[in-house]
Amino acid sequence: MSAERPVLISVMQFEDALKSGALTVFDVIDVASQTGADGVELRRELWPGWQSELNAARRRGEEKGLLITYATFATLFDTDTATQRGDIDAAAALGSPIIRFFPGQHPAPGDDAGWAAGQAIADYAAQKGVVIALENYARTPGGTLAEIQSCLARIPALMTNFDMGNYSLHGQDVPAAVAALAGRIVSSHLKDQTGNPADAPTFLGAGLLPLDAIFASLDSLPQRVIYCFEFRGGEDALGRIEQSLAYLRARG
């Protein structure tokens, strides 16, 4: 937890309460401040009032001294450019430096028009002062290191949100993936995984991922990398957040 490795919670930890209306994103922003986290990741899909509440959420984050980031389930090569641009506009309104996109089905190597469409979305984000952090998806398509690398190679403006659990689900060497992506990593979703691929991600230290090796690789990167917890909180969201924060603090 430092300026170079800010640690964020996510609305994902409070998914059930947000869906039921028991909590609002403003409550989650307040919780982030109370836990000592450096910020919070917001998501359109868990935010019914997002279109009218962007400015208020930004103000609440600024009042609390928190970093706000934005994630979406939109995909880079989708033909729905209105949704893509709307999500980028939302990230810009929040003051988020990044926005998480998934690749989706990326174009064939010779599909110049398809690649140009992805480039246009990356350029639009750059115009808005937002970096698209392309994340390796938990399933297919778009989940493997090779798929992420092909996108980054064709569109230099893209960076990546490194999801340690998702690479593990694809059977890939997670520290090796950090080394392969190196300077293109701007953020990372933090989680642990059990040995059962059907199990949901869990809090840090509760699974079987080689976390020490993974964090050693991430911590060795010279650039700023935003860390964000990405696991469901269930009935003990605060407990899972606090245990994950304690794990990171114990690393020094």
# chains A, B, ... in the order shown; residues from 1 in each chain; ligands from 1

call {"tool": "residues_around", "arguments": {"residues": "Asp112 (chain A)", "least_positions_apart": "6", "cutoff": "12 Å", "atoms": "only C-alpha atoms", "output": "PDB file with C-alpha atoms, in the first residue's frame"}}
result
ATOM      1  CA  HIS A 106     -10.449 -10.531 -31.501  1.00  0.00           C
ATOM      2  CA  GLY A 118     -10.197  -1.704 -31.732  1.00  0.00           C
ATOM      3  CA  GLN A 119      -7.599   0.963 -32.411  1.00  0.00           C
ATOM      4  CA  ARG A 154      -1.367  -4.672 -32.645  1.00  0.00           C
ATOM      5  CA  ILE A 155      -2.632  -1.706 -30.573  1.00  0.00           C
TER       6      ILE A 155
END

call {"tool": "select_by_dssp", "arguments": {"residues": "region 32-168 of chain A", "states": "strand (DSSP E or B)", "output": "list in words"}}
result
Gly39, Val40, Glu41, Leu42, Arg43, Leu67, Ile68, Thr69, Tyr70, Ala71, Thr72, Phe73, Ala74, Thr75, Ile98, Ile99, Arg100, Phe101, Phe102, Val131, Ile132, Ala133, Leu134, Glu135, Met159, Thr160, Asn161, Phe162 and Asp163 of chain A

call {"tool": "write_last_selection", "arguments": {"atoms": "N, CA and C atoms", "output": "mmCIF file, in the first residue's frame"}}
result
data_model
loop_
_atom_site.group_PDB
_atom_site.id
_atom_site.type_symbol
_atom_site.label_atom_id
_atom_site.label_comp_id
_atom_site.auth_asym_id
_atom_site.auth_seq_id
_atom_site.Cartn_x
_atom_site.Cartn_y
_atom_site.Cartn_z
ATOM 1 N N GLY A 39 -8.617 3.182 -2.376
ATOM 2 C CA GLY A 39 -9.630 3.552 -3.345
ATOM 3 C C GLY A 39 -10.629 2.451 -3.558
ATOM 4 N N VAL A 40 -11.419 2.614 -4.628
ATOM 5 C CA VAL A 40 -12.487 1.655 -4.916
ATOM 6 C C VAL A 40 -12.706 1.582 -6.414
ATOM 7 N N GLU A 41 -12.960 0.359 -6.889
ATOM 8 C CA GLU A 41 -13.302 0.136 -8.287
ATOM 9 C C GLU A 41 -14.820 0.075 -8.421
ATOM 10 N N LEU A 42 -15.376 0.913 -9.281
ATOM 11 C CA LEU A 42 -16.810 0.927 -9.535
ATOM 12 C C LEU A 42 -17.105 0.233 -10.864
ATOM 13 N N ARG A 43 -18.356 -0.257 -10.994
ATOM 14 C CA ARG A 43 -18.760 -0.969 -12.206
ATOM 15 C C ARG A 43 -20.178 -0.595 -12.579
ATOM 16 N N LEU A 67 -8.780 6.971 -4.612
ATOM 17 C CA LEU A 67 -8.656 6.767 -6.041
ATOM 18 C C LEU A 67 -9.876 5.981 -6.519
ATOM 19 N N ILE A 68 -10.533 6.482 -7.555
ATOM 20 C CA ILE A 68 -11.674 5.789 -8.139
ATOM 21 C C ILE A 68 -11.260 5.227 -9.494
ATOM 22 N N THR A 69 -11.503 3.937 -9.701
ATOM 23 C CA THR A 69 -11.301 3.353 -11.026
ATOM 24 C C THR A 69 -12.615 2.762 -11.511
ATOM 25 N N TYR A 70 -12.616 2.363 -12.778
ATOM 26 C CA TYR A 70 -13.860 1.913 -13.398
ATOM 27 C C TYR A 70 -13.610 0.647 -14.205
ATOM 28 N N ALA A 71 -14.506 -0.300 -14.086
ATOM 29 C CA ALA A 71 -14.409 -1.554 -14.836
ATOM 30 C C ALA A 71 -15.741 -1.832 -15.514
ATOM 31 N N THR A 72 -15.667 -2.436 -16.676
ATOM 32 C CA THR A 72 -16.869 -2.764 -17.419
ATOM 33 C C THR A 72 -16.712 -4.145 -18.036
ATOM 34 N N PHE A 73 -17.831 -4.764 -18.366
ATOM 35 C CA PHE A 73 -17.810 -6.040 -19.068
ATOM 36 C C PHE A 73 -17.832 -5.836 -20.581
ATOM 37 N N ALA A 74 -17.719 -4.606 -21.035
ATOM 38 C CA ALA A 74 -17.644 -4.346 -22.469
ATOM 39 C C ALA A 74 -16.392 -4.997 -23.053
ATOM 40 N N THR A 75 -16.454 -5.327 -24.325
ATOM 41 C CA THR A 75 -15.310 -5.941 -24.995
ATOM 42 C C THR A 75 -14.763 -4.998 -26.069
ATOM 43 N N ILE A 98 -7.911 4.597 -15.601
ATOM 44 C CA ILE A 98 -8.003 3.383 -16.413
ATOM 45 C C ILE A 98 -9.447 2.925 -16.516
ATOM 46 N N ILE A 99 -9.684 2.063 -17.502
ATOM 47 C CA ILE A 99 -10.958 1.368 -17.585
ATOM 48 C C ILE A 99 -10.678 -0.070 -18.006
ATOM 49 N N ARG A 100 -11.240 -1.017 -17.268
ATOM 50 C CA ARG A 100 -11.066 -2.422 -17.587
ATOM 51 C C ARG A 100 -12.029 -2.823 -18.698
ATOM 52 N N PHE A 101 -11.456 -3.311 -19.822
ATOM 53 C CA PHE A 101 -12.204 -3.948 -20.892
ATOM 54 C C PHE A 101 -11.742 -5.400 -20.988
ATOM 55 N N PHE A 102 -12.596 -6.260 -21.525
ATOM 56 C CA PHE A 102 -12.182 -7.586 -21.948
ATOM 57 C C PHE A 102 -11.921 -7.555 -23.460
ATOM 58 N N VAL A 131 -6.863 5.215 -19.975
ATOM 59 C CA VAL A 131 -6.151 4.095 -20.582
ATOM 60 C C VAL A 131 -7.024 2.847 -20.503
ATOM 61 N N ILE A 132 -7.190 2.157 -21.626
ATOM 62 C CA ILE A 132 -7.890 0.877 -21.601
ATOM 63 C C ILE A 132 -6.946 -0.185 -21.071
ATOM 64 N N ALA A 133 -7.338 -0.799 -19.951
ATOM 65 C CA ALA A 133 -6.567 -1.891 -19.345
ATOM 66 C C ALA A 133 -7.256 -3.194 -19.725
ATOM 67 N N LEU A 134 -6.725 -3.856 -20.724
ATOM 68 C CA LEU A 134 -7.328 -5.069 -21.260
ATOM 69 C C LEU A 134 -7.072 -6.236 -20.312
ATOM 70 N N GLU A 135 -8.133 -6.905 -19.897
ATOM 71 C CA GLU A 135 -7.989 -7.989 -18.921
ATOM 72 C C GLU A 135 -8.150 -9.354 -19.565
ATOM 73 N N MET A 159 -3.066 -1.057 -22.594
ATOM 74 C CA MET A 159 -2.276 -1.625 -21.510
ATOM 75 C C MET A 159 -3.071 -2.828 -20.998
ATOM 76 N N THR A 160 -2.645 -3.412 -19.891
ATOM 77 C CA THR A 160 -3.372 -4.595 -19.416
ATOM 78 C C THR A 160 -3.632 -4.551 -17.922
ATOM 79 N N ASN A 161 -4.814 -5.046 -17.560
ATOM 80 C CA ASN A 161 -5.136 -5.327 -16.169
ATOM 81 C C ASN A 161 -4.848 -6.806 -15.955
ATOM 82 N N PHE A 162 -3.877 -7.101 -15.117
ATOM 83 C CA PHE A 162 -3.383 -8.464 -14.945
ATOM 84 C C PHE A 162 -4.223 -9.190 -13.908
ATOM 85 N N ASP A 163 -4.999 -10.177 -14.351
ATOM 86 C CA ASP A 163 -5.829 -10.949 -13.425
ATOM 87 C C ASP A 163 -5.120 -12.260 -13.111
#

call {"tool": "select_by_dssp", "arguments": {"residues": "region 183-219 of chain A", "states": "alpha helix (DSSP H)", "output": "PyMOL selection string"}}
result
chain A and resi 211-219

call {"tool": "closest_residue", "arguments": {"among": "A:Gly239, A:Gly129, A:Gly21, A:Gly95", "to": "Arg58 (chain A)", "atoms": "only C-alpha atoms"}}
result
A:Gly95

call {"tool": "closest_residue", "arguments": {"among": "A:Arg60, A:His189, A:His170, A:Arg232", "to": "Pro201 (chain A)", "atoms": "only C-alpha atoms"}}
result
A:Arg232

call {"tool": "atom_distance", "arguments": {"atom1": "CA of Arg224 (chain A)", "atom2": "CA of Arg184 (chain A)"}}
result
10.7 Å

call {"tool": "closest_residue", "arguments": {"among": "A:Glu242, A:Lys19, A:Ala198, A:Leu248", "to": "Ala216 (chain A)", "atoms": "only C-alpha atoms"}}
result
A:Leu248

call {"tool": "residues_around", "arguments": {"residues": "Ile148 (chain A)", "least_positions_apart": "3", "cutoff": "8 Å", "atoms": "only C-alpha atoms", "output": "MDAnalysis selection string"}}
result
chainID A and resid 103 134:136 142:145 151:152 160

call {"tool": "closest_residue", "arguments": {"among": "A:Val225, A:Ala157, A:Leu209, A:Ile121", "to": "Gly195 (chain A)", "atoms": "only C-alpha atoms"}}
result
A:Leu209

call {"tool": "closest_residue", "arguments": {"among": "A:Thr140, A:Gln51, A:Asn166, A:Gln243", "to": "Gly86 (chain A)", "atoms": "only C-alpha atoms"}}
result
A:Gln51

call {"tool": "closest_residue", "arguments": {"among": "A:Ala117, A:Ser188, A:Arg251, A:Pro109", "to": "Gln84 (chain A)", "atoms": "only C-alpha atoms"}}
result
A:Ala117

call {"tool": "residues_around", "arguments": {"residues": "region 8-18 of chain A", "least_positions_apart": "4", "cutoff": "8 Å", "atoms": "only C-alpha atoms", "output": "list in words"}}
result
Ala22, Leu23, Thr24, Val25, Val28, Ala32, Ala37, Asp38, Gly39, Val40, Glu41, Leu42, Arg43, Leu46, Trp47, Leu67, Ile226, Tyr227, Cys228, Phe229, Glu230, Phe231, Arg232, Gly233, Gly234, Ala237 and Ile241 of chain A
